[in-house]
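What follows is the content of upload-v5.txt, which has compact mmCIF, C-alpha atoms and all ligand atoms:
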# COMPACT_ATOMS: atom_id res chain seq x y z
CA MET Z 232 95.66 -73.72 86.29
CA ILE Z 233 95.34 -72.18 82.84
CA LYS Z 234 97.28 -74.12 80.26
CA LYS Z 235 97.85 -71.71 77.37
CA SER Z 236 99.67 -73.57 74.69
CA ARG Z 237 100.59 -73.06 71.06
CA LYS Z 238 103.22 -75.78 71.38
CA VAL Z 239 102.48 -79.44 70.88
CA ARG Z 240 104.76 -82.37 71.56
CA ASP Z 241 106.52 -83.39 68.38
CA TYR Z 242 107.16 -86.93 67.19
CA LYS Z 243 108.77 -86.21 63.83
CA ALA Z 244 112.06 -87.64 65.04
CA LEU Z 245 110.51 -91.10 64.57
CA THR Z 246 110.75 -90.72 60.79
CA LYS Z 247 112.40 -87.53 59.53
CA ALA Z 248 116.03 -88.68 59.59
CA LEU Z 249 115.37 -91.87 57.62
CA PRO Z 250 115.66 -91.96 53.82
CA THR Z 251 112.28 -92.49 52.19
CA LEU Z 252 111.36 -96.05 51.33
CA ARG Z 253 110.04 -96.62 47.80
CA TYR Z 254 106.97 -98.80 47.39
CA LEU Z 255 105.95 -98.18 43.80
CA ASN Z 256 104.93 -101.61 42.59
CA PRO Z 257 102.01 -102.79 44.76
CA PRO Z 258 99.97 -105.87 43.68
CA SER Z 259 96.96 -103.63 43.14
CA VAL Z 260 95.64 -100.16 43.90
CA PHE Z 261 92.17 -98.92 44.87
CA ILE Z 262 91.23 -95.61 43.33
CA HIS Z 263 88.70 -93.49 45.23
CA LEU Z 264 85.72 -92.61 43.06
CA GLN Z 265 84.21 -90.30 45.69
CA ASN Z 266 85.73 -87.95 48.24
CA GLY Z 267 84.78 -85.19 50.66
CA ARG Z 268 83.95 -82.77 47.84
CA CYS Z 269 82.64 -85.15 45.15
CA LYS Z 270 79.74 -87.45 45.96
CA THR Z 271 78.94 -88.83 42.51
CA TYR Z 272 81.04 -90.16 39.63
CA ASP Z 273 81.05 -91.75 36.18
CA LEU Z 274 83.42 -94.58 35.35
CA THR Z 275 84.49 -94.84 31.71
CA VAL Z 276 86.07 -98.30 32.04
CA LYS Z 277 84.62 -101.67 33.05
CA GLU Z 278 85.87 -104.75 34.86
CA GLY Z 279 88.48 -106.58 32.76
CA ASP Z 280 89.61 -103.51 30.76
CA HIS Z 281 93.33 -102.81 30.56
CA VAL Z 282 94.54 -99.34 31.58
CA ASP Z 283 97.88 -97.53 31.41
CA VAL Z 284 99.58 -95.33 34.00
CA GLY Z 285 98.00 -91.87 33.95
CA GLU Z 286 95.02 -92.90 31.81
CA GLN Z 287 91.72 -91.23 32.65
CA ILE Z 288 89.24 -93.86 33.88
CA GLY Z 289 86.36 -91.69 34.99
CA VAL Z 290 85.27 -88.41 36.48
CA ARG Z 291 84.11 -87.33 39.96
CA HIS Z 292 81.42 -84.69 40.18
CA GLY Z 293 81.75 -81.91 42.76
CA GLY Z 294 79.41 -79.02 43.51
CA PHE Z 295 80.94 -76.59 41.02
CA PHE Z 296 83.69 -78.60 39.33
CA GLU Z 297 84.57 -82.00 37.91
CA GLN Z 298 87.65 -84.07 38.78
CA PRO Z 299 89.04 -86.51 36.21
CA VAL Z 300 90.08 -89.83 37.82
CA HIS Z 301 93.33 -91.44 36.66
CA ALA Z 302 94.93 -94.88 36.86
CA THR Z 303 98.09 -94.82 39.00
CA ILE Z 304 99.48 -98.16 37.75
CA SER Z 305 99.04 -100.13 34.54
CA GLY Z 306 96.91 -103.25 34.77
CA THR Z 307 93.40 -104.64 34.71
CA ILE Z 308 90.29 -103.00 36.09
CA GLY Z 309 88.78 -105.06 38.92
CA LYS Z 310 85.71 -104.68 41.09
CA ILE Z 311 84.28 -101.67 42.89
CA SER Z 312 84.23 -101.93 46.69
CA LYS Z 313 83.81 -99.63 49.70
CA LYS Z 314 86.98 -98.44 51.44
CA PHE Z 315 87.76 -95.79 54.02
CA HIS Z 316 88.65 -92.36 52.70
CA ARG Z 317 90.69 -89.67 54.49
CA THR Z 318 87.41 -88.06 55.56
CA GLY Z 319 86.65 -91.11 57.72
CA ARG Z 320 83.79 -92.21 55.44
CA LYS Z 321 83.60 -95.37 53.37
CA VAL Z 322 83.43 -94.54 49.67
CA ASP Z 323 83.44 -96.43 46.36
CA CYS Z 324 86.88 -97.45 45.09
CA VAL Z 325 87.77 -99.26 41.89
CA GLU Z 326 90.58 -101.80 41.99
CA ILE Z 327 93.33 -101.94 39.37
CA VAL Z 328 95.31 -105.19 39.41
CA ASN Z 329 98.95 -104.47 38.58
CA ASP Z 330 100.47 -105.98 35.42
CA HIS Z 331 103.88 -104.86 36.75
CA LYS Z 332 104.75 -103.42 33.32
CA ASP Z 333 104.35 -99.75 34.31
CA ILE Z 334 103.12 -98.81 30.82
CA LEU Z 335 102.70 -95.05 30.49
CA HIS Z 336 99.60 -93.75 28.73
CA ASN Z 337 100.34 -91.97 25.45
CA LEU Z 338 99.17 -88.65 26.96
CA ILE Z 339 102.13 -88.73 29.35
CA TYR Z 340 105.01 -86.93 27.66
CA ASP Z 341 107.66 -84.35 28.46
CA ARG Z 342 107.30 -80.71 27.40
CA THR Z 343 110.51 -78.95 26.45
CA ASP Z 344 111.59 -75.87 28.39
CA GLU Z 345 110.78 -73.77 25.31
CA GLU Z 346 107.25 -75.21 25.11
CA ILE Z 347 106.74 -74.52 28.82
CA ALA Z 348 108.05 -70.96 28.53
CA ALA Z 349 105.41 -70.30 25.85
CA LEU Z 350 102.48 -71.50 28.04
CA THR Z 351 99.97 -68.86 29.13
CA GLN Z 352 98.06 -68.80 32.42
CA GLU Z 353 95.04 -70.25 30.56
CA ASP Z 354 97.17 -73.09 29.12
CA MET Z 355 98.54 -73.99 32.55
CA VAL Z 356 95.11 -73.81 34.18
CA GLU Z 357 93.78 -76.20 31.53
CA ILE Z 358 96.66 -78.67 32.03
CA VAL Z 359 96.35 -78.67 35.82
CA LYS Z 360 92.56 -79.06 35.55
CA GLU Z 361 92.86 -81.97 33.14
CA LYS Z 362 95.39 -83.64 35.45
CA SER Z 363 92.96 -83.21 38.37
CA LEU Z 364 95.48 -81.58 40.67
CA VAL Z 365 94.14 -80.58 44.09
CA GLY Z 366 95.68 -79.30 47.34
CA LEU Z 367 97.88 -82.25 48.31
CA GLY Z 368 98.50 -81.01 51.85
CA GLY Z 369 95.03 -82.34 52.63
CA SER Z 370 92.74 -79.50 51.56
CA GLY Z 371 91.76 -81.23 48.31
CA PHE Z 372 90.79 -77.86 46.82
CA PRO Z 373 91.10 -77.85 43.00
CA THR Z 374 94.42 -76.18 42.14
CA TYR Z 375 93.23 -74.90 38.76
CA ILE Z 376 90.68 -72.64 40.47
CA LYS Z 377 93.45 -70.94 42.47
CA LEU Z 378 95.76 -70.79 39.48
CA ALA Z 379 93.04 -69.13 37.36
CA THR Z 380 92.78 -66.07 39.62
CA LYS Z 381 92.59 -62.74 37.85
CA GLU Z 382 93.72 -60.84 40.97
CA LYS Z 383 97.17 -59.24 40.85
CA ILE Z 384 99.43 -61.55 42.84
CA ASN Z 385 102.50 -59.94 44.42
CA THR Z 386 103.80 -62.98 46.30
CA VAL Z 387 103.38 -66.73 45.91
CA VAL Z 388 103.86 -68.59 49.18
CA ILE Z 389 104.85 -72.24 49.26
CA ASN Z 390 103.73 -73.68 52.57
CA ALA Z 391 106.30 -76.22 53.75
CA VAL Z 392 105.71 -75.67 57.46
CA GLU Z 393 104.16 -79.09 58.16
CA CYS Z 394 103.30 -78.20 61.76
CA GLU Z 395 101.32 -81.33 62.63
CA PRO Z 396 103.27 -83.54 65.05
CA TYR Z 397 104.41 -86.90 63.60
CA LEU Z 398 104.33 -85.78 59.93
CA SER Z 399 107.61 -85.49 58.03
CA SER Z 400 106.72 -86.45 54.44
CA ASP Z 401 106.96 -82.84 53.16
CA TYR Z 402 110.29 -82.54 54.94
CA ARG Z 403 111.65 -85.61 53.13
CA LEU Z 404 110.15 -84.47 49.82
CA ILE Z 405 112.03 -81.16 49.98
CA LEU Z 406 115.24 -82.76 51.17
CA GLU Z 407 115.18 -85.37 48.39
CA HIS Z 408 113.66 -83.30 45.54
CA PRO Z 409 114.34 -79.59 46.10
CA GLY Z 410 114.69 -78.99 42.35
CA ARG Z 411 111.19 -80.30 41.61
CA VAL Z 412 109.73 -78.11 44.39
CA VAL Z 413 111.37 -74.96 43.04
CA THR Z 414 110.57 -75.77 39.40
CA GLY Z 415 106.90 -76.27 40.36
CA LEU Z 416 107.02 -72.89 42.09
CA LYS Z 417 108.62 -71.34 38.99
CA TYR Z 418 105.71 -72.60 36.84
CA ILE Z 419 103.18 -71.20 39.35
CA MET Z 420 104.97 -67.82 39.24
CA GLN Z 421 104.89 -67.92 35.43
CA ALA Z 422 101.15 -68.68 35.37
CA LEU Z 423 100.39 -65.86 37.82
CA LYS Z 424 102.91 -63.41 36.30
CA CYS Z 425 104.35 -62.97 39.76
CA ASP Z 426 108.01 -62.05 40.37
CA ASN Z 427 108.26 -62.78 44.11
CA ALA Z 428 107.85 -65.90 46.16
CA ILE Z 429 108.50 -67.25 49.62
CA ILE Z 430 109.03 -70.83 50.69
CA ALA Z 431 107.90 -70.98 54.33
CA ILE Z 432 109.54 -73.58 56.56
CA LYS Z 433 109.61 -74.13 60.31
CA SER Z 434 112.49 -72.37 61.98
CA GLU Z 435 113.95 -75.55 63.40
CA LYS Z 436 114.34 -77.17 60.00
CA ASP Z 437 117.82 -75.99 59.19
CA PRO Z 438 118.67 -78.72 56.66
CA LEU Z 439 115.72 -77.56 54.53
CA PHE Z 440 116.94 -73.99 54.71
CA GLN Z 441 120.41 -75.05 53.55
CA VAL Z 442 119.15 -77.27 50.76
CA LEU Z 443 116.62 -74.79 49.38
CA THR Z 444 118.97 -71.82 49.61
CA GLN Z 445 121.64 -73.73 47.75
CA VAL Z 446 119.32 -74.97 45.01
CA LEU Z 447 117.92 -71.48 44.51
CA ARG Z 448 121.40 -69.96 44.31
CA VAL Z 449 122.92 -72.57 42.00
CA ARG Z 450 120.04 -73.62 39.74
CA PHE Z 451 117.56 -70.75 39.84
CA PRO Z 452 119.56 -67.52 40.20
CA GLU Z 453 116.98 -65.71 38.04
CA LEU Z 454 114.16 -66.30 40.57
CA ASN Z 455 113.39 -63.91 43.40
CA VAL Z 456 112.49 -66.54 45.99
CA LYS Z 457 113.24 -66.29 49.70
CA VAL Z 458 113.20 -69.10 52.23
CA ALA Z 459 111.42 -67.84 55.35
CA LYS Z 460 111.94 -69.55 58.70
CA LEU Z 461 108.76 -69.15 60.73
CA GLY Z 462 107.96 -69.83 64.39
CA ASN Z 463 107.76 -73.26 65.91
CA HIS Z 464 104.27 -73.00 67.37
CA TYR Z 465 101.10 -74.80 66.40
CA PRO Z 466 99.24 -74.25 64.05
CA GLN Z 467 102.02 -72.35 62.28
CA GLY Z 468 101.14 -74.18 59.06
CA TRP Z 469 97.61 -72.72 58.98
CA GLU Z 470 97.69 -70.56 55.86
CA ILE Z 471 96.47 -67.45 57.69
CA GLU Z 472 99.33 -67.85 60.20
CA VAL Z 473 101.84 -68.39 57.40
CA PHE Z 474 100.79 -65.14 55.68
CA ARG Z 475 100.84 -63.28 59.01
CA TRP Z 476 104.33 -64.46 59.99
CA ALA Z 477 105.98 -64.57 56.59
CA LEU Z 478 104.53 -61.36 55.12
CA GLY Z 479 102.89 -59.47 57.97
CA ILE Z 480 99.54 -59.62 56.16
CA GLU Z 481 96.39 -60.23 58.21
CA ILE Z 482 93.67 -61.95 56.15
CA PRO Z 483 90.24 -61.54 57.79
CA HIS Z 484 88.11 -64.66 58.19
CA GLY Z 485 86.16 -65.48 55.03
CA GLU Z 486 88.28 -63.27 52.76
CA LEU Z 487 90.36 -64.74 49.93
CA PRO Z 488 94.13 -64.18 50.26
CA MET Z 489 94.28 -63.37 46.52
CA LYS Z 490 92.42 -60.14 47.28
CA TYR Z 491 95.45 -59.16 49.35
CA GLY Z 492 97.93 -60.01 46.60
CA VAL Z 493 99.07 -63.35 48.05
CA ILE Z 494 98.36 -66.96 47.23
CA GLY Z 495 99.49 -70.13 48.98
CA PHE Z 496 100.23 -73.65 47.77
CA ASN Z 497 101.34 -76.65 49.77
CA VAL Z 498 104.80 -77.91 48.88
CA SER Z 499 103.47 -81.26 47.55
CA THR Z 500 101.04 -79.32 45.36
CA ALA Z 501 103.96 -77.37 43.89
CA VAL Z 502 105.53 -80.71 42.92
CA GLY Z 503 102.14 -81.74 41.50
CA VAL Z 504 102.23 -78.60 39.30
CA PHE Z 505 105.73 -79.58 38.17
CA ASP Z 506 104.60 -83.11 37.20
CA ALA Z 507 101.52 -81.81 35.38
CA ILE Z 508 103.33 -79.09 33.40
CA LYS Z 509 106.63 -80.86 32.71
CA HIS Z 510 105.45 -84.46 32.25
CA ASN Z 511 101.72 -83.98 31.58
CA MET Z 512 101.33 -86.39 34.48
CA PRO Z 513 98.50 -86.53 37.03
CA VAL Z 514 99.25 -87.30 40.68
CA ILE Z 515 100.10 -90.99 40.61
CA LYS Z 516 102.70 -91.06 43.41
CA ARG Z 517 103.11 -89.25 46.71
CA TYR Z 518 105.28 -88.95 49.81
CA PHE Z 519 103.50 -90.39 52.83
CA THR Z 520 104.28 -90.81 56.55
CA MET Z 521 103.43 -94.18 58.15
CA THR Z 522 104.00 -93.78 61.86
CA GLY Z 523 102.68 -94.01 65.43
CA ASP Z 524 103.65 -95.76 68.67
CA ALA Z 525 101.89 -98.98 67.60
CA ILE Z 526 104.06 -99.34 64.47
CA LYS Z 527 107.31 -101.29 64.81
CA PHE Z 528 109.35 -99.34 62.26
CA PRO Z 529 107.78 -95.99 61.36
CA GLN Z 530 109.03 -94.39 58.14
CA ASN Z 531 108.25 -92.22 55.15
CA ILE Z 532 107.23 -94.06 52.01
CA ARG Z 533 106.98 -92.94 48.40
CA LEU Z 534 104.03 -94.85 47.02
CA ARG Z 535 101.38 -95.14 44.34
CA VAL Z 536 98.14 -93.34 45.09
CA GLY Z 537 95.59 -96.05 45.91
CA THR Z 538 97.94 -98.26 47.94
CA SER Z 539 96.45 -100.19 50.85
CA VAL Z 540 97.63 -99.03 54.28
CA LYS Z 541 97.65 -102.67 55.43
CA GLU Z 542 100.50 -103.32 52.97
CA LEU Z 543 102.36 -100.25 54.28
CA ILE Z 544 102.02 -101.45 57.87
CA ALA Z 545 103.50 -104.81 56.83
CA LEU Z 546 106.38 -102.88 55.17
CA CYS Z 547 106.98 -101.22 58.55
CA ASP Z 548 107.34 -104.67 60.17
CA GLY Z 549 103.76 -104.60 61.46
CA TYR Z 550 102.50 -103.71 64.92
CA ILE Z 551 104.44 -103.86 68.17
CA GLU Z 552 103.72 -106.76 70.54
CA ASN Z 553 100.65 -106.32 72.77
CA ALA Z 554 99.52 -103.21 70.89
CA GLY Z 555 95.95 -103.87 72.05
CA GLU Z 556 93.07 -101.94 70.58
CA LEU Z 557 94.35 -99.52 67.96
CA LEU Z 558 93.48 -95.97 67.03
CA VAL Z 559 94.03 -95.26 63.33
CA ILE Z 560 94.32 -91.58 62.40
CA MET Z 561 94.24 -90.47 58.78
CA GLY Z 562 96.16 -87.21 58.45
CA GLY Z 563 97.84 -85.50 61.38
CA PRO Z 564 96.96 -86.25 65.01
CA MET Z 565 95.59 -82.74 65.57
CA MET Z 566 93.44 -82.27 62.47
CA GLY Z 567 93.08 -85.80 61.09
CA THR Z 568 90.13 -88.18 61.31
CA SER Z 569 90.23 -91.35 63.37
CA THR Z 570 88.84 -94.81 62.72
CA VAL Z 571 89.28 -98.17 64.42
CA SER Z 572 90.11 -99.97 61.16
CA ASP Z 573 93.36 -100.09 59.21
CA ASP Z 574 91.48 -101.04 56.04
CA VAL Z 575 92.39 -97.63 54.64
CA ILE Z 576 93.52 -96.58 51.18
CA VAL Z 577 95.95 -93.74 50.48
CA SER Z 578 94.23 -91.13 48.32
CA LYS Z 579 96.22 -88.33 46.70
CA THR Z 580 95.37 -86.03 49.63
CA THR Z 581 96.33 -88.50 52.39
CA THR Z 582 99.54 -87.18 53.91
CA SER Z 583 99.92 -89.85 56.59
CA VAL Z 584 98.39 -92.58 58.68
CA ILE Z 585 99.23 -92.73 62.38
CA VAL Z 586 98.45 -95.85 64.38
CA LEU Z 587 98.47 -95.39 68.14
CA LYS Z 588 97.94 -97.68 71.09
CA ASN Z 589 94.43 -96.72 72.03
CA VAL Z 590 94.85 -95.39 75.54
CA ASP Z 591 91.35 -94.87 76.85
CA TYR Z 592 91.33 -91.35 78.29
CA LYS Z 593 88.50 -90.83 80.74
CA GLU Z 594 86.80 -87.51 80.28
CA GLU Z 595 86.26 -85.50 83.47
CA PRO Z 596 83.74 -82.67 83.92
CA CYS Z 597 84.80 -79.23 82.67
CA VAL Z 598 86.56 -77.31 85.44
CA ARG Z 599 86.23 -73.97 83.60
CA CYS Z 600 89.99 -73.54 83.56
CA GLY Z 601 89.81 -71.50 80.34
CA SER Z 602 92.79 -73.29 78.75
CA CYS Z 603 90.85 -73.98 75.56
CA VAL Z 604 89.87 -70.30 75.26
CA TYR Z 605 93.41 -69.02 75.85
CA SER Z 606 94.91 -71.45 73.31
CA CYS Z 607 92.47 -71.09 70.42
CA PRO Z 608 94.30 -69.52 67.41
CA ALA Z 609 90.96 -68.41 65.94
CA HIS Z 610 90.14 -66.49 69.15
CA LEU Z 611 86.99 -68.51 69.86
CA GLU Z 612 85.51 -69.73 73.13
CA PRO Z 613 85.46 -73.51 72.59
CA VAL Z 614 84.03 -74.30 76.04
CA GLN Z 615 81.06 -71.99 75.47
CA ILE Z 616 80.50 -73.48 72.00
CA MET Z 617 80.56 -76.95 73.60
CA ASN Z 618 77.94 -75.87 76.12
CA ALA Z 619 75.78 -74.42 73.34
CA VAL Z 620 76.04 -77.72 71.41
CA LYS Z 621 74.93 -79.63 74.51
CA ARG Z 622 71.89 -77.32 74.76
CA ASN Z 623 71.43 -77.43 70.95
CA ASP Z 624 71.31 -73.63 70.99
CA LYS Z 625 72.11 -72.65 67.39
CA GLU Z 626 71.76 -68.91 68.01
CA VAL Z 627 74.52 -69.00 70.63
CA MET Z 628 76.71 -71.23 68.41
CA LYS Z 629 76.34 -68.62 65.67
CA GLY Z 630 76.96 -65.73 68.07
CA LEU Z 631 80.14 -67.47 69.26
CA GLU Z 632 81.24 -67.73 65.59
CA ALA Z 633 81.84 -71.48 65.71
CA PHE Z 634 82.05 -71.38 61.89
CA LYS Z 635 85.48 -69.70 62.22
CA CYS Z 636 87.00 -72.85 63.77
CA ILE Z 637 89.86 -74.26 61.70
CA GLU Z 638 89.66 -77.63 63.48
CA CYS Z 639 93.26 -77.42 64.64
CA GLY Z 640 92.55 -79.63 67.65
CA LEU Z 641 94.34 -77.40 70.19
CA CYS Z 642 91.31 -76.99 72.47
CA ALA Z 643 91.09 -80.76 72.98
CA TYR Z 644 94.88 -81.05 73.28
CA VAL Z 645 95.13 -78.55 76.16
CA CYS Z 646 91.92 -79.52 77.95
CA THR Z 647 92.64 -80.23 81.61
CA SER Z 648 89.67 -82.61 81.77
CA LYS Z 649 90.57 -84.51 78.57
CA ILE Z 650 87.29 -83.48 76.94
CA HIS Z 651 87.10 -83.87 73.15
CA VAL Z 652 86.25 -80.19 72.82
CA THR Z 653 87.13 -80.04 69.12
CA ASP Z 654 84.47 -82.65 68.36
CA TYR Z 655 81.84 -80.39 69.90
CA VAL Z 656 83.03 -77.40 67.87
CA ARG Z 657 82.97 -79.53 64.72
CA LYS Z 658 79.38 -80.49 65.55
CA ALA Z 659 78.51 -76.80 65.94
CA LYS Z 660 79.97 -76.09 62.49
CA ILE Z 661 77.90 -78.89 60.97
CA LYS Z 662 74.75 -77.64 62.70
CA LEU Z 663 75.38 -74.13 61.37
CA GLY Z 664 75.77 -75.57 57.87
S1 LIG Z 701 87.86 -74.09 68.55
FE1 LIG Z 701 88.66 -74.77 66.59
S2 LIG Z 701 90.27 -73.28 66.07
FE2 LIG Z 701 89.85 -73.07 68.28
S3 LIG Z 701 91.32 -74.43 69.27
FE3 LIG Z 701 89.45 -75.63 68.99
S4 LIG Z 701 89.77 -76.68 67.03
FE4 LIG Z 701 91.29 -75.00 67.11
S1 LIG Z 702 86.64 -77.50 78.23
FE1 LIG Z 702 88.55 -78.22 79.14
S2 LIG Z 702 90.04 -76.63 78.65
FE2 LIG Z 702 88.02 -75.75 78.29
S3 LIG Z 702 87.47 -74.74 80.19
FE3 LIG Z 702 86.63 -76.82 80.34
S4 LIG Z 702 88.20 -78.04 81.33
FE4 LIG Z 702 89.20 -76.13 80.67
Represent the structure contained in this file as structure tokens.
Amino acid sequence: MIKKSRKVRDYKALTKALPTLRYLNPPSVFIHLQNGRCKTYDLTVKEGDHVDVGEQIGVRHGGFFEQPVHATISGTIGKISKKFHRTGRKVDCVEIVNDHKDILHNLIYDRTDEEIAALTQEDMVEIVKEKSLVGLGGSGFPTYIKLATKEKINTVVINAVECEPYLSSDYRLILEHPGRVVTGLKYIMQALKCDNAIIAIKSEKDPLFQVLTQVLRVRFPELNVKVAKLGNHYPQGWEIEVFRWALGIEIPHGELPMKYGVIGFNVSTAVGVFDAIKHNMPVIKRYFTMTGDAIKFPQNIRLRVGTSVKELIALCDGYIENAGELLVIMGGPMMGTSTVSDDVIVSKTTTSVIVLKNVDYKEEPCVRCGSCVYSCPAHLEPVQIMNAVKRNDKEVMKGLEAFKCIECGLCAYVCTSKIHVTDYVRKAKIKLG
């Protein structure tokens, strides 16, 4: 039987109704010096040095950009060690041992509204670049590059759809700080000289609609911002889907949305823009979902970037009894990366960690049901790509356009035979470079 599905079972109820726990004073943090985009780095501090909150301690080098690295607590620089990153790889991290004084670096200061109103696009791009802001929904793409566009932007879209099951940190962020979200959006609109914006939420999230509509009406009557309720299917949060449903604009694969007069930012990134412009502050804190059926008390936590997930699990009362072998997923269950270790550190792009009882699904042979083909939002043929990977036939992988895969995970989710189809498509993408 064909299982065509753009719906996935949701587990947000585990965490979304609970107020966010604050965990802002950890004993130490581990700051990633490498990530998926930056392989090399320079550290400008050494073991034993004292650093302040927000102080630059080094720089990561990417292919075509550099990312300053900042301290997220005040304290003493410790050793460098290898820790898991969101990408599933172990990378170098530098420890900062907390002095529990929370001393702000002298470059952290508030700009007045008048000073902000006088900032040009170039000024804002420079601030956001210096503060090393990247896509905090998980993309990690440097925000200053998007903000520096010279294309005429007609609509800014804030993506607050958060379609991955289990995740509710964006939901709590909006509920608890709607003013910061909208102010961040206002700064983005100012930088891009754009008069229209949309905040896209999932249709079911009525409380967000109420809160945002009220804040816009009461505090920002001058802004032309609409709150758009989109569909409840997966992957509704994929940017291309957001533009299609919110604006009716179809962006072809490989084309930049800016060319079509639209630009999208994740809701956490909008708050990152607010912190950078208003407080001259890099991303030192974030909203984070700690959840999964192996966790006793799942919840959202506001934390310092660099916090150890082991400490967060302890905050959630640890693991359930007889949890057995665990599956640790960094990011959402559909698009995240899995490891078998909980020795993970929260980077600024880590939205969540999900720990599941590792039920060992036995893969069966493909029954050619076609479910993966019917469900793929990118209109690919995952089963054929899988077969091409097994034969190592690059020409066919290319002909089947495996490079268009957005790694949403739906093909594996719907597979009748429990085959990890997405893994094969990922392999095809890697083989195609
Ligand atoms: S092939 Fe890629 S885009 Fe299509 S369903 Fe699988 S993971 Fe999603
Ligand atoms: S890979 Fe799975 S979903 Fe796709 S055709 Fe085979 S059995 Fe069906």
Per-residue nearest contacts of chain Z to ligand LIG 702 (chain Z) (10 Å; all atoms listed in the file) as a tab-separated table:
residue	atom	partner	partner_atom	distance
Z:Met232	CA	Z:LIG702	FE4	8.9
Z:Ile233	CA	Z:LIG702	FE4	7.6
Z:Lys234	CA	Z:LIG702	S2	7.8
Z:Lys235	CA	Z:LIG702	S2	9.3
Z:Glu594	CA	Z:LIG702	FE1	9.5
Z:Glu595	CA	Z:LIG702	S4	8.0
Z:Pro596	CA	Z:LIG702	S4	6.9
Z:Cys597	CA	Z:LIG702	FE3	3.8
Z:Val598	CA	Z:LIG702	S4	4.5
Z:Arg599	CA	Z:LIG702	S3	3.7
Z:Cys600	CA	Z:LIG702	FE4	4.0
Z:Gly601	CA	Z:LIG702	S3	4.0
Z:Ser602	CA	Z:LIG702	S2	4.3
Z:Cys603	CA	Z:LIG702	S2	4.2
Z:Val604	CA	Z:LIG702	FE2	6.5
Z:Tyr605	CA	Z:LIG702	S2	8.8
Z:Ser606	CA	Z:LIG702	S2	8.9
Z:Glu612	CA	Z:LIG702	FE2	8.3
Z:Pro613	CA	Z:LIG702	FE2	6.6
Z:Val614	CA	Z:LIG702	S1	4.7
Z:Gln615	CA	Z:LIG702	S1	8.3
Z:Ile616	CA	Z:LIG702	S1	9.6
Z:Met617	CA	Z:LIG702	S1	7.7
Z:Asn618	CA	Z:LIG702	S1	9.1
Z:Leu641	CA	Z:LIG702	S2	9.5
Z:Cys642	CA	Z:LIG702	S2	6.3
Z:Ala643	CA	Z:LIG702	S2	7.1
Z:Tyr644	CA	Z:LIG702	S2	8.5
Z:Val645	CA	Z:LIG702	S2	6.0
Z:Cys646	CA	Z:LIG702	S2	3.5
Z:Thr647	CA	Z:LIG702	S4	5.0
Z:Ser648	CA	Z:LIG702	S4	4.8
Z:Lys649	CA	Z:LIG702	FE1	6.6
Z:Ile650	CA	Z:LIG702	FE1	5.8
Z:His651	CA	Z:LIG702	S1	8.2
Z:Val652	CA	Z:LIG702	S1	6.1
Z:Thr653	CA	Z:LIG702	S1	9.5
Determine, using all atoms listed in the file, which residues of chain Z have any atom at most 6 Å from an atom of ligand LIG 701 (chain Z), and tabulate each with its shortest atom pair and distance in Å to one decimal place, rows ordered by chain and then rising number, as CSV.
residue,atom,partner,partner_atom,distance
Z:Cys607,CA,Z:LIG701,S3,3.7
Z:Pro608,CA,Z:LIG701,S2,5.7
Z:Ala609,CA,Z:LIG701,S2,4.9
Z:Leu611,CA,Z:LIG701,FE2,5.6
Z:Pro613,CA,Z:LIG701,S1,4.7
Z:Cys636,CA,Z:LIG701,FE1,3.8
Z:Ile637,CA,Z:LIG701,S2,4.5
Z:Glu638,CA,Z:LIG701,S4,3.7
Z:Cys639,CA,Z:LIG701,FE4,4.0
Z:Gly640,CA,Z:LIG701,S4,4.1
Z:Leu641,CA,Z:LIG701,S3,4.3
Z:Cys642,CA,Z:LIG701,S3,4.1
Z:Thr653,CA,Z:LIG701,S4,4.8
Z:Val656,CA,Z:LIG701,S1,5.9
Include C-alpha atoms and write out the residues we just selected as a PDB file, in the frame of the given file.
ATOM      1  CA  CYS Z 607      92.470 -71.090  70.420  1.00  0.00           C
ATOM      2  CA  PRO Z 608      94.300 -69.520  67.410  1.00  0.00           C
ATOM      3  CA  ALA Z 609      90.960 -68.410  65.940  1.00  0.00           C
ATOM      4  CA  LEU Z 611      86.990 -68.510  69.860  1.00  0.00           C
ATOM      5  CA  PRO Z 613      85.460 -73.510  72.590  1.00  0.00           C
ATOM      6  CA  CYS Z 636      87.000 -72.850  63.770  1.00  0.00           C
ATOM      7  CA  ILE Z 637      89.860 -74.260  61.700  1.00  0.00           C
ATOM      8  CA  GLU Z 638      89.660 -77.630  63.480  1.00  0.00           C
ATOM      9  CA  CYS Z 639      93.260 -77.420  64.640  1.00  0.00           C
ATOM     10  CA  GLY Z 640      92.550 -79.630  67.650  1.00  0.00           C
ATOM     11  CA  LEU Z 641      94.340 -77.400  70.190  1.00  0.00           C
ATOM     12  CA  CYS Z 642      91.310 -76.990  72.470  1.00  0.00           C
ATOM     13  CA  THR Z 653      87.130 -80.040  69.120  1.00  0.00           C
ATOM     14  CA  VAL Z 656      83.030 -77.400  67.870  1.00  0.00           C
TER      15      VAL Z 656
END
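Comparing the minimum interatomic distances between Val325 of chain Z and each of Z:Val620, Z:Leu631, Z:Ile480, Z:Ile308, counting only C-alpha atoms, we find that Z:Ile308 sits nearest.
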| message | At a cut-off of 10 Å, using only C-alpha atoms, what residues contact segment 553-562 of chain Z? Leave out same-chain residues fewer than 6 positions from it and give the result as a ChimeraX atom specification. | response | /Z:315-319,368-369,395,397-398,519-526,568-577,580-591
Which residues are close to Gly492 of chain Z, i.e. within 6 Å by all atoms listed in the file, leaving aside same-chain residues fewer than 5 positions away? Reply as JSON, numbers by chain. {"Z": [383, 384, 385]}
